[in-house]
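Trainee: Provided herewith: data-v5.cif, mmCIF, C-alpha atoms.
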```
data_entry
#
loop_
_atom_site.label_atom_id
_atom_site.label_comp_id
_atom_site.auth_asym_id
_atom_site.auth_seq_id
_atom_site.Cartn_x
_atom_site.Cartn_y
_atom_site.Cartn_z
CA MET Z 188 47.12 29.15 -36.87
CA MET Z 189 49.34 31.54 -34.97
CA ILE Z 190 49.36 31.15 -31.22
CA PRO Z 191 49.23 34.66 -29.68
CA GLU Z 192 51.98 35.56 -27.24
CA ASP Z 193 49.48 36.53 -24.56
CA MET Z 194 47.53 33.29 -24.74
CA ILE Z 195 47.37 31.45 -21.40
CA PRO Z 196 47.32 27.74 -22.28
CA VAL Z 197 45.76 25.34 -19.83
CA GLN Z 198 45.59 21.57 -20.00
CA ARG Z 199 42.13 20.18 -20.62
CA PRO Z 200 40.97 18.44 -17.45
CA ASP Z 201 39.82 15.28 -19.23
CA VAL Z 202 43.27 14.60 -20.66
CA LEU Z 203 45.16 12.09 -18.55
CA SER Z 204 48.91 12.52 -18.33
CA GLN Z 205 51.46 10.02 -17.13
CA GLY Z 206 55.17 10.69 -16.87
CA VAL Z 207 57.31 7.81 -18.13
CA LEU Z 208 60.91 8.42 -17.12
CA GLU Z 209 61.83 11.72 -18.79
CA GLU Z 210 58.94 11.51 -21.28
CA MET Z 211 55.16 11.64 -21.05
CA VAL Z 212 52.06 9.91 -22.35
CA LEU Z 213 48.76 11.73 -22.76
CA TYR Z 214 45.42 9.98 -23.09
CA ASP Z 215 42.35 11.88 -24.19
CA GLY Z 216 39.35 10.12 -22.67
CA ASN Z 217 36.95 11.80 -25.11
CA SER Z 218 38.64 10.93 -28.37
CA GLU Z 219 40.21 7.78 -26.87
CA MET Z 220 43.49 8.79 -28.46
CA GLY Z 221 46.93 8.60 -26.92
CA PHE Z 222 49.99 10.75 -27.55
CA SER Z 223 53.63 10.43 -26.62
CA LEU Z 224 55.73 13.46 -25.73
CA ASN Z 225 59.49 13.63 -25.67
CA ALA Z 226 61.29 15.45 -22.86
CA SER Z 227 61.08 18.88 -24.54
CA ALA Z 228 57.38 18.57 -25.35
CA LYS Z 229 56.79 17.32 -21.80
CA ALA Z 230 58.37 20.48 -20.39
CA ILE Z 231 56.04 22.62 -22.50
CA TRP Z 232 53.03 20.49 -21.50
CA ASP Z 233 53.92 20.81 -17.82
CA ALA Z 234 54.07 24.57 -18.22
CA CYS Z 235 50.47 24.70 -19.46
CA ASP Z 236 49.06 25.12 -15.96
CA GLY Z 237 46.81 28.08 -16.72
CA SER Z 238 49.01 30.62 -14.88
CA LYS Z 239 51.45 31.70 -17.62
CA THR Z 240 51.27 33.34 -21.00
CA VAL Z 241 53.19 31.91 -23.94
CA VAL Z 242 55.93 34.49 -23.40
CA GLN Z 243 56.20 33.61 -19.71
CA ILE Z 244 56.41 29.92 -20.58
CA CYS Z 245 59.33 30.67 -22.90
CA GLU Z 246 61.04 32.65 -20.12
CA ASP Z 247 60.61 29.76 -17.69
CA LEU Z 248 61.89 27.19 -20.18
CA SER Z 249 64.79 29.42 -21.08
CA GLY Z 250 66.27 28.67 -17.66
CA VAL Z 251 65.64 24.94 -18.04
CA PHE Z 252 67.15 24.53 -21.51
CA ASP Z 253 69.70 27.35 -21.28
CA ILE Z 254 68.41 28.89 -24.49
CA PRO Z 255 67.28 32.54 -24.87
CA ALA Z 256 63.50 32.87 -24.51
CA GLY Z 257 63.23 34.59 -27.88
CA GLU Z 258 64.78 31.59 -29.61
CA LEU Z 259 62.35 29.22 -27.91
CA LEU Z 260 59.26 31.10 -29.02
CA VAL Z 261 58.91 29.44 -32.43
CA ASP Z 262 59.20 25.89 -31.07
CA VAL Z 263 56.95 26.56 -28.09
CA ARG Z 264 54.28 28.09 -30.34
CA LEU Z 265 54.52 25.11 -32.68
CA ALA Z 266 54.07 22.64 -29.83
CA LEU Z 267 51.18 24.61 -28.35
CA GLU Z 268 49.55 24.80 -31.77
CA GLN Z 269 49.68 21.01 -32.01
CA PHE Z 270 48.31 20.61 -28.49
CA LEU Z 271 45.49 22.99 -29.39
CA VAL Z 272 44.64 21.28 -32.68
CA LEU Z 273 44.59 17.91 -30.93
CA GLY Z 274 42.25 19.29 -28.28
CA LEU Z 275 44.71 18.74 -25.44
CA ILE Z 276 44.81 22.34 -24.20
CA GLN Z 277 42.57 25.36 -24.28
CA ASP Z 278 43.03 29.11 -23.92
CA LYS Z 279 42.25 30.09 -20.35
CA GLN Z 280 41.14 33.56 -21.41
CA SER Z 281 38.53 32.24 -23.85
CA LEU Z 282 37.43 29.81 -21.15
CA VAL Z 283 36.90 32.73 -18.76
CA ASN Z 284 35.04 34.71 -21.43
CA ASN Z 285 32.76 31.75 -22.20
CA GLU Z 286 31.97 31.31 -18.51
CA ALA Z 287 31.17 35.03 -18.24
CA ASP Z 288 28.85 34.74 -21.28
CA VAL Z 289 27.02 31.84 -19.68
CA ALA Z 290 26.65 33.74 -16.39
CA MET O 236 24.92 -31.74 -28.87
CA GLN O 237 28.59 -31.33 -27.89
CA THR O 238 29.68 -28.78 -25.27
CA LEU O 239 33.17 -27.42 -24.68
CA PHE O 240 34.05 -25.67 -21.42
CA VAL O 241 36.83 -23.10 -21.83
CA SER O 242 38.24 -22.23 -18.41
CA PHE O 243 40.27 -19.31 -17.06
CA GLY O 244 40.62 -18.46 -13.38
CA ASN O 245 38.10 -21.14 -12.38
CA GLN O 246 35.42 -19.57 -14.56
CA GLU O 247 34.11 -21.10 -17.74
CA VAL O 248 32.54 -20.13 -21.05
CA ALA O 249 30.63 -22.97 -22.70
CA VAL O 250 30.38 -23.46 -26.46
CA ALA O 251 27.67 -25.87 -27.53
CA GLY O 252 26.53 -27.18 -30.86
CA GLU O 253 26.56 -29.98 -33.37
CA VAL O 254 28.74 -28.31 -35.98
CA GLU O 255 31.79 -30.52 -35.92
CA GLU O 256 33.82 -28.42 -38.37
CA VAL O 257 33.66 -25.55 -35.85
CA LEU O 258 33.89 -27.39 -32.56
CA VAL O 259 36.82 -29.65 -33.46
CA PRO O 260 39.23 -26.83 -34.42
CA LEU O 261 37.92 -24.68 -31.57
CA ALA O 262 38.67 -27.47 -29.11
CA HIS O 263 42.13 -27.70 -30.66
CA ASN O 264 42.75 -23.95 -30.31
CA PHE O 265 41.65 -23.92 -26.66
CA ARG O 266 42.80 -27.40 -25.71
CA GLU O 267 45.04 -26.22 -22.84
CA LEU O 268 42.12 -24.28 -21.34
CA LEU O 269 39.41 -26.95 -21.61
CA VAL O 270 37.91 -28.61 -18.54
CA PRO O 271 35.44 -31.50 -18.46
CA VAL O 272 33.11 -29.88 -15.92
CA PRO O 273 32.55 -26.16 -15.23
CA TYR O 274 33.35 -24.69 -11.83
CA LYS O 275 31.53 -21.38 -12.36
CA LEU O 276 29.83 -21.03 -15.72
CA LEU O 277 29.89 -17.44 -17.02
CA ASP O 278 27.97 -17.86 -20.25
CA THR O 279 27.04 -20.24 -23.05
CA LEU O 280 27.50 -19.64 -26.75
CA THR O 281 25.82 -21.88 -29.31
CA VAL O 282 26.98 -22.46 -32.86
CA ARG O 283 24.70 -23.79 -35.60
CA ARG O 284 24.30 -23.90 -39.34
CA GLU O 285 21.61 -21.95 -41.17
CA GLY O 286 21.84 -22.96 -44.82
CA ASP O 287 25.39 -22.11 -45.93
CA ARG O 288 25.97 -19.78 -43.02
CA TYR O 289 27.42 -20.40 -39.60
CA VAL O 290 25.55 -18.62 -36.81
CA VAL O 291 26.76 -17.98 -33.26
CA ASP O 292 23.89 -17.47 -30.80
CA GLY O 293 24.68 -15.50 -27.67
CA ALA O 294 27.38 -13.41 -29.35
CA ASP O 295 27.12 -9.76 -28.42
CA GLN O 296 30.21 -7.99 -29.75
CA PHE O 297 31.30 -10.00 -32.76
CA GLY O 298 28.03 -11.62 -33.83
CA ASP O 299 27.85 -9.82 -37.17
CA HIS O 300 30.60 -11.90 -38.78
CA ASP O 301 30.48 -12.90 -42.45
CA GLY O 302 28.88 -16.30 -41.87
CA THR O 303 31.86 -18.27 -43.10
CA LEU O 304 33.54 -21.00 -41.11
CA HIS O 305 36.53 -18.71 -40.53
CA GLY O 306 34.22 -15.88 -39.47
CA ALA O 307 32.40 -18.10 -36.98
CA MET O 308 35.71 -19.35 -35.55
CA GLN O 309 36.99 -15.80 -35.09
CA CYS O 310 33.68 -14.72 -33.56
CA LEU O 311 33.76 -17.55 -31.04
CA LYS O 312 37.38 -16.92 -30.13
CA PHE O 313 36.79 -13.21 -29.48
CA GLU O 314 33.49 -13.78 -27.67
CA ILE O 315 35.14 -16.28 -25.33
CA VAL O 316 38.13 -14.04 -24.65
CA PHE O 317 36.01 -10.93 -24.07
CA ARG O 318 33.88 -12.73 -21.50
CA PHE O 319 37.03 -13.40 -19.50
CA VAL O 320 38.24 -9.83 -20.09
CA ARG O 321 34.98 -8.44 -18.73
CA GLU O 322 35.05 -10.74 -15.74
CA HIS O 323 38.69 -10.21 -14.76
CA ARG O 324 38.94 -6.49 -14.11
CA GLU O 325 42.01 -7.08 -11.99
CA LEU O 326 43.95 -7.79 -15.19
CA LEU O 327 45.09 -5.69 -18.12
CA TRP O 328 44.65 -7.74 -21.27
CA LEU O 329 47.23 -7.17 -23.97
CA HIS O 330 47.21 -8.27 -27.59
CA ALA O 331 50.53 -10.05 -27.27
CA GLY O 332 52.33 -13.37 -27.11
CA ALA O 333 54.77 -14.52 -24.46
CA ALA O 334 57.38 -17.15 -23.71
CA ALA O 335 59.68 -17.52 -20.71
CA LYS O 336 63.04 -18.88 -19.67
CA GLY O 337 64.02 -19.28 -16.03
CA GLY O 338 60.76 -17.71 -14.84
CA ARG O 339 61.38 -14.48 -16.77
CA ALA O 340 59.02 -13.79 -19.65
CA VAL O 341 59.50 -11.90 -22.86
CA VAL O 342 56.27 -10.30 -24.05
CA MET O 343 55.84 -9.82 -27.80
CA CYS O 344 53.28 -7.08 -28.26
CA GLY O 345 51.60 -5.85 -31.42
CA THR O 346 48.70 -6.00 -33.78
CA TRP O 347 48.00 -8.72 -36.34
CA GLY O 348 50.80 -9.46 -38.79
CA ARG O 349 53.69 -8.18 -36.67
CA GLY O 350 55.17 -11.66 -36.22
CA LYS O 351 54.39 -12.31 -32.54
CA SER O 352 53.45 -15.96 -33.01
CA THR O 353 56.52 -16.69 -35.11
CA LEU O 354 58.80 -15.41 -32.36
CA VAL O 355 56.94 -17.19 -29.56
CA SER O 356 56.92 -20.45 -31.51
CA ASN O 357 60.61 -20.20 -32.36
CA LEU O 358 61.48 -19.58 -28.72
CA CYS O 359 59.39 -22.58 -27.65
CA LEU O 360 61.03 -24.76 -30.30
CA ARG O 361 64.31 -23.84 -28.57
CA GLY O 362 63.11 -24.99 -25.16
CA TRP O 363 61.43 -21.92 -23.69
CA SER O 364 58.22 -22.25 -21.70
CA TYR O 365 55.07 -21.35 -23.53
CA LEU O 366 52.72 -18.79 -21.95
CA SER O 367 50.56 -17.31 -24.67
CA ASP O 368 50.26 -16.94 -28.42
CA ASP O 369 47.89 -14.04 -28.81
CA ILE O 370 46.47 -12.76 -25.52
CA VAL O 371 48.52 -11.79 -22.46
CA PRO O 372 46.77 -10.81 -19.21
CA VAL O 373 48.90 -8.84 -16.74
CA SER O 374 48.01 -8.50 -13.06
CA LEU O 375 47.38 -4.89 -12.01
CA GLU O 376 48.22 -5.90 -8.45
CA THR O 377 51.50 -7.76 -8.86
CA GLY O 378 52.67 -6.85 -12.37
CA GLU O 379 53.01 -10.52 -13.20
CA LEU O 380 51.97 -12.09 -16.45
CA VAL O 381 49.16 -14.64 -16.25
CA PRO O 382 49.39 -17.48 -18.79
CA PHE O 383 46.62 -17.72 -21.38
CA PRO O 384 47.89 -20.65 -23.43
CA LEU O 385 45.91 -20.80 -26.64
CA THR O 386 47.40 -23.59 -28.72
CA PRO O 387 50.54 -22.11 -30.34
CA GLN O 388 50.50 -21.91 -34.10
CA MET O 389 52.98 -20.64 -36.64
CA ARG O 390 52.58 -19.94 -40.32
CA GLU O 391 54.52 -22.24 -42.62
CA HIS O 392 58.00 -21.19 -43.67
CA ALA O 393 57.85 -17.74 -45.18
CA ALA O 394 60.31 -18.29 -48.02
CA THR O 395 59.51 -19.00 -51.65
CA GLU O 396 61.26 -21.43 -53.98
CA ASP O 397 63.33 -18.58 -55.39
CA ASP O 398 64.28 -17.75 -51.81
CA ARG O 399 62.30 -14.51 -51.88
CA LEU O 400 60.85 -13.66 -48.50
CA LEU O 401 57.12 -13.01 -48.43
CA SER O 402 55.42 -9.75 -47.62
CA PRO O 403 53.31 -9.61 -44.42
CA GLY O 404 50.17 -9.79 -46.62
CA GLU O 405 51.43 -12.92 -48.38
CA VAL O 406 52.42 -14.49 -45.08
CA ALA O 407 48.87 -13.95 -43.82
CA GLN O 408 47.60 -16.24 -46.58
CA LEU O 409 49.76 -19.16 -45.43
CA GLU O 410 48.31 -22.05 -43.50
CA LYS O 411 49.05 -22.14 -39.79
CA ARG O 412 50.49 -25.26 -38.27
CA THR O 413 50.34 -26.20 -34.63
CA ILE O 414 53.57 -26.17 -32.69
CA GLU O 415 53.79 -29.38 -30.72
CA LEU O 416 55.24 -28.75 -27.28
CA ARG O 417 56.75 -31.36 -25.03
CA GLU O 418 55.09 -32.26 -21.75
CA GLY O 419 55.58 -29.62 -19.09
CA GLN O 420 56.58 -26.93 -21.57
CA ILE O 421 53.36 -24.99 -21.05
CA ASP O 422 53.84 -22.78 -18.03
CA ALA O 423 50.74 -22.63 -15.83
CA GLY O 424 52.20 -20.25 -13.25
CA ARG O 425 52.42 -16.49 -13.14
CA CYS O 426 55.65 -15.03 -14.40
CA ALA O 427 57.74 -11.85 -14.09
CA ILE O 428 58.15 -9.77 -17.27
CA ALA O 429 61.80 -9.42 -18.33
CA ALA O 430 61.31 -7.41 -21.52
CA LEU O 431 58.70 -5.92 -23.82
CA ILE O 432 59.29 -6.53 -27.52
CA PHE O 433 57.46 -4.83 -30.36
CA PRO O 434 58.21 -7.08 -33.34
CA GLN O 435 57.89 -6.00 -36.95
CA TYR O 436 58.22 -8.70 -39.58
CA SER O 437 59.26 -7.41 -42.98
CA PRO O 438 61.15 -9.13 -45.82
CA GLU O 439 63.41 -6.06 -46.03
CA ALA O 440 64.04 -5.72 -42.31
CA ASP O 441 67.53 -5.23 -40.97
CA MET O 442 67.31 -7.28 -37.77
CA ARG O 443 68.28 -5.51 -34.57
CA LEU O 444 66.94 -4.71 -31.14
CA VAL O 445 66.25 -1.00 -30.90
CA ARG O 446 65.47 0.50 -27.51
CA THR O 447 61.98 1.99 -27.64
CA ALA O 448 61.48 5.47 -26.22
CA PRO O 449 59.52 5.15 -22.94
CA ALA O 450 56.48 7.16 -24.00
CA SER O 451 56.29 5.38 -27.36
CA ALA O 452 56.47 1.99 -25.64
CA THR O 453 53.67 3.01 -23.28
CA LEU O 454 51.59 4.22 -26.20
CA GLU O 455 52.09 0.93 -28.08
CA LEU O 456 50.97 -1.00 -25.00
CA LEU O 457 47.90 1.22 -24.70
CA GLN O 458 47.07 0.63 -28.35
CA ASN O 459 47.23 -3.12 -27.72
CA CYS O 460 45.34 -3.08 -24.44
CA LEU O 461 42.03 -4.91 -24.91
CA ASN O 462 40.34 -3.43 -21.85
CA LEU O 463 41.69 0.13 -21.93
CA LYS O 464 38.17 1.59 -21.81
CA MET O 465 37.50 -0.37 -18.64
CA HIS O 466 40.50 1.08 -16.80
CA ARG O 467 41.41 4.31 -18.65
CA GLY O 468 43.55 6.38 -16.28
CA GLU O 469 44.55 3.38 -14.22
CA ALA O 470 45.73 1.60 -17.38
CA VAL O 471 47.73 4.64 -18.52
CA ARG O 472 49.42 4.93 -15.14
CA TYR O 473 50.02 1.22 -14.82
CA LEU O 474 51.52 0.73 -18.28
CA GLY O 475 53.71 3.80 -17.80
CA LYS O 476 55.08 2.26 -14.60
CA LEU O 477 55.54 -1.10 -16.36
CA VAL O 478 57.66 0.58 -19.04
CA GLU O 479 59.71 2.41 -16.41
CA ARG O 480 60.82 -0.85 -14.83
CA THR O 481 60.92 -3.06 -17.95
CA PRO O 482 63.24 -2.68 -20.95
CA ALA O 483 61.30 -2.24 -24.20
CA PHE O 484 62.58 -2.77 -27.73
CA HIS O 485 61.44 -2.70 -31.32
CA LEU O 486 62.59 -5.77 -33.22
CA PRO O 487 62.43 -5.53 -36.99
CA TYR O 488 63.21 -8.96 -38.46
CA ARG O 489 62.83 -11.15 -41.51
CA HIS O 490 63.90 -14.59 -40.24
CA GLY O 491 62.05 -15.86 -37.16
CA GLU O 492 64.82 -18.28 -36.22
CA ALA O 493 67.49 -15.59 -36.19
CA ALA O 494 65.26 -13.18 -34.27
CA ALA O 495 64.57 -15.85 -31.65
CA GLN O 496 68.30 -16.50 -31.29
CA LEU O 497 68.87 -12.78 -30.76
CA LEU O 498 66.21 -12.73 -28.04
CA ILE O 499 67.67 -15.84 -26.37
CA HIS O 500 71.13 -14.29 -26.34
CA THR O 501 69.93 -10.92 -25.05
CA HIS O 502 67.64 -12.50 -22.45
CA ALA O 503 70.59 -14.50 -21.09
CA GLN O 504 72.46 -11.21 -20.66
CA GLY O 505 69.49 -9.58 -18.91
CA PHE O 506 68.70 -7.17 -21.76
CA PRO O 507 71.67 -4.88 -21.03
CA PHE O 508 71.08 -1.63 -22.89
#
```
Rewrite the structure of this file - the entire thing - as C-alpha cells.
Mentor:
Amino acid sequence: MMIPEDMIPVQRPDVLSQGVLEEMVLYDGNSEMGFSLNASAKAIWDACDGSKTVVQICEDLSGVFDIPAGELLVDVRLALEQFLVLGLIQDKQSLVNNEADVA
Amino acid sequence: MQTLFVSFGNQEVAVAGEVEEVLVPLAHNFRELLVPVPYKLLDTLTVRREGDRYVVDGADQFGDHDGTLHGAMQCLKFEIVFRFVREHRELLWLHAGAAAKGGRAVVMCGTWGRGKSTLVSNLCLRGWSYLSDDIVPVSLETGELVPFPLTPQMREHAATEDDRLLSPGEVAQLEKRTIELREGQIDAGRCAIAALIFPQYSPEADMRLVRTAPASATLELLQNCLNLKMHRGEAVRYLGKLVERTPAFHLPYRHGEAAAQLLIHTHAQGFPF
C-alpha cells in the first residue's frame, strides 16, 4: 500500500491515546488492542489531526527533527501505512466522501 | 457441608461443599483471606462431585473447566477473584506479585511462567514483607498497592542432577511448595510502589535489570490488567501516569536467588537509573 502524498490522515475517534513521558500508548477500544509508540512515531501520530496532508506533515516534522521534509517522506509514509493497517487512522477525504454519499 | 468465607475489603465469597480434596487445598491457598463469619456476603459457589468430574455450581466465567481436580481448583480461584474484581471498581487489578521492604513495594508483573512467584518468594525468604503472589490490586485514587495475600508458593528448585536449568515449560510441571512466612511477615496495609519489574525466567538468560521504555511498560501493564474492559480509557491514563512516576525494568534471569539479591541491592539504592 502506498500512502498518497495528498492524503489527510486523521486519528480514529475511538482510539485512546496517552502520552507517557516522551512516548505514547494507543488503545483501540474496538479491537481491544494496545500499541506503544516511540517519540518519533508519537510526533507523526500527533500530526494526524485531520488538518494536514502527508506532505504538510513532513514539512512540520522537518522543523522538529531538523531533517529535510523530502527525507522524512519515506518514514512518515511507512508509519502512516502501519497506522492505517491497524485501523488507528483514516483518510479524512474518504470520510468526507462517505458522508456525502450517505447524505 | 463445609463452607469457606474468602474475604477482601469486608466482602466475602463463600465456597461450600463436601469435597474435601478441593476445599482443603483451597483453604490453604486462601488461608490469609479466610474469615469465620461473613460481613457482607457477595456470592456463594458450591463444589460437588458428579461421577469422576468435579463441578462448580454458581460459576459464570470459568465454569466450563475440564472437570479435573486441578480444573475445579483453578475455576474456583478465578471465580472468587473475579467477584472481588467486579465489586471493587476503585481498583485496577494486575496479574502480578509483590513484596515490600521499608513500606516500598516491588511489583513483579507478567503472565504465567514469567517467574513472578519465584522472585516474590525469594524476596520473602530474605525478610521482605509479603503482599501478593499472583494478583495485585492498585488503588485508582491513591496509587497505592492493596495486599491480596494468596498463600505464597514456589516451584521446587529448577535445576536437574546434571545441573542443567529447566525450560519454562519443564518448570511448569514441577510441584509447588508453600513458602512458610514468619509471623508478621504478611503485610496487611497499603503500600507505595517503588518499582515495576517485568521478569522473564529463561535457562539461557543473562541476568540484568534493563530499563523498560515508558510506552512498552504501560502496554505490558495493560496486557496484565484484569479489569481493563471495566475502565478502558481511565486504565490507560492511570497506568501511563503510574509508569511516569515509577521506574520500570525488564529482568531476564535464570537463578531466582541471584535475581532477588539484585532486586534487594537495587531497591536499597532507590532504583537509580
Trainee: Find, counting all atoms listed in the file, the residue in Z:Val202, Z:Asn285, Z:Ile276, Z:Asp262 that gets nearest to Z:Ser218.
Mentor: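 Closest residue, counting all atoms listed in the file: Z:Val202.
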Trainee: Please evaluate the PyMOL selection byres ((chain Z) within 7 of (chain O)) against the structure above and give the resulting residues as a PyMOL selection string.
Mentor: chain Z and resi 203+205+207-208+210-212+221-224
Trainee: So what does the PyMOL selection byres ((chain O and resi 505) around 12) actually pick up in this one, as a list in words?
Mentor: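 Written out, the selection comes to Lys336, Gly337, Arg339, Ala340, Val341, Ile428, Ala429, Ala430, Thr481, Pro482, Leu498, Ile499, His500, Thr501, His502, Ala503, Gln504, Phe506, Pro507 and Phe508 of chain O.
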Trainee: Using all atoms of stretch 235-252 of chain Z that appear in the file, construct an axis-aligned enclosing box with 4 Å of padding on every side and provide its centre coordinates and edge lengths in Å, rounded to one decimal, as lines of an AutoDock Vina configuration file.
Mentor:
```
center_x = 57.0
center_y = 29.5
center_z = -19.4
size_x = 28.3
size_y = 18.0
size_z = 17.1
```
Trainee: Using atom CA of O:Ala495 and atom CA of O:Lys312 as the two end points, give the distance in Å to one decimal.
Mentor: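 Atom CA of O:Ala495 sits 27.3 Å away from atom CA of O:Lys312.
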Trainee: Which neighbours of Z:Ala230 fall inside 10 Å, counting all atoms listed in the file, when residues of the same chain fewer than 3 positions from it are skipped, and could you give them as number ranges by chain?
Mentor: Z: 209-211, 224-227, 233-235, 244, 247-248, 251-252, 263
Trainee: Export C-alpha atoms of the chosen residues as a compact mmCIF listing (two decimals), in the coordinates of the input?
Mentor:
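The resulting selection27.txt:
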```txt
# COMPACT_ATOMS: atom_id res chain seq x y z
CA GLU Z 209 61.83 11.72 -18.79
CA GLU Z 210 58.94 11.51 -21.28
CA MET Z 211 55.16 11.64 -21.05
CA LEU Z 224 55.73 13.46 -25.73
CA ASN Z 225 59.49 13.63 -25.67
CA ALA Z 226 61.29 15.45 -22.86
CA SER Z 227 61.08 18.88 -24.54
CA ASP Z 233 53.92 20.81 -17.82
CA ALA Z 234 54.07 24.57 -18.22
CA CYS Z 235 50.47 24.70 -19.46
CA ILE Z 244 56.41 29.92 -20.58
CA ASP Z 247 60.61 29.76 -17.69
CA LEU Z 248 61.89 27.19 -20.18
CA VAL Z 251 65.64 24.94 -18.04
CA PHE Z 252 67.15 24.53 -21.51
CA VAL Z 263 56.95 26.56 -28.09
```
Trainee: On this structure, which residues satisfy the PyMOL selection byres ((chain O and resi 332) around 7), written as a ChimeraX atom specification?
Mentor: /O:331,333,342-344,351-352,355,367-371
Trainee: Just to confirm, what's the straight-line distance from atom CA of O:Glu247 to atom CA of O:Arg288 in Å (one decimal)?
Mentor: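 So the two atoms, atom CA of O:Glu247 and atom CA of O:Arg288, lie 26.6 Å apart.
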Trainee: Between atom CA of O:Tyr365 and atom CA of O:Ala470, what is the spacing in Å?
Mentor: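 Atom-to-atom, atom CA of O:Ala470 and atom CA of O:Tyr365 are spaced 25.5 Å apart.
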Trainee: Just give me the residues with any atom within 12 Å of (52.1, 25.6, -31.9), file coordinates, counting all atoms listed in the file, written as an MDAnalysis selection string.
Mentor: chainID Z and resid 188:192 194 196 228 231:232 241 259:273 275:276
Trainee: Go ahead and save the picked residues with C-alpha atoms, as a short mmCIF file (atom, residue, chain, number, x, y, z; two decimals), keeping the file's coordinate frame.
Mentor:
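Ended up saving to result.cif:
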```cif
data_model
loop_
_atom_site.label_atom_id
_atom_site.label_comp_id
_atom_site.auth_asym_id
_atom_site.auth_seq_id
_atom_site.Cartn_x
_atom_site.Cartn_y
_atom_site.Cartn_z
CA MET Z 188 47.12 29.15 -36.87
CA MET Z 189 49.34 31.54 -34.97
CA ILE Z 190 49.36 31.15 -31.22
CA PRO Z 191 49.23 34.66 -29.68
CA GLU Z 192 51.98 35.56 -27.24
CA MET Z 194 47.53 33.29 -24.74
CA PRO Z 196 47.32 27.74 -22.28
CA ALA Z 228 57.38 18.57 -25.35
CA ILE Z 231 56.04 22.62 -22.50
CA TRP Z 232 53.03 20.49 -21.50
CA VAL Z 241 53.19 31.91 -23.94
CA LEU Z 259 62.35 29.22 -27.91
CA LEU Z 260 59.26 31.10 -29.02
CA VAL Z 261 58.91 29.44 -32.43
CA ASP Z 262 59.20 25.89 -31.07
CA VAL Z 263 56.95 26.56 -28.09
CA ARG Z 264 54.28 28.09 -30.34
CA LEU Z 265 54.52 25.11 -32.68
CA ALA Z 266 54.07 22.64 -29.83
CA LEU Z 267 51.18 24.61 -28.35
CA GLU Z 268 49.55 24.80 -31.77
CA GLN Z 269 49.68 21.01 -32.01
CA PHE Z 270 48.31 20.61 -28.49
CA LEU Z 271 45.49 22.99 -29.39
CA VAL Z 272 44.64 21.28 -32.68
CA LEU Z 273 44.59 17.91 -30.93
CA LEU Z 275 44.71 18.74 -25.44
CA ILE Z 276 44.81 22.34 -24.20
#
```
Trainee: Hey, what's within 9 Å of Z:Asn217 if we count only C-alpha atoms and toss same-chain stuff fewer than 2 positions away? As a list in words, please?
Mentor: Asp201, Val202, Tyr214, Asp215, Glu219 and Met220 of chain Z
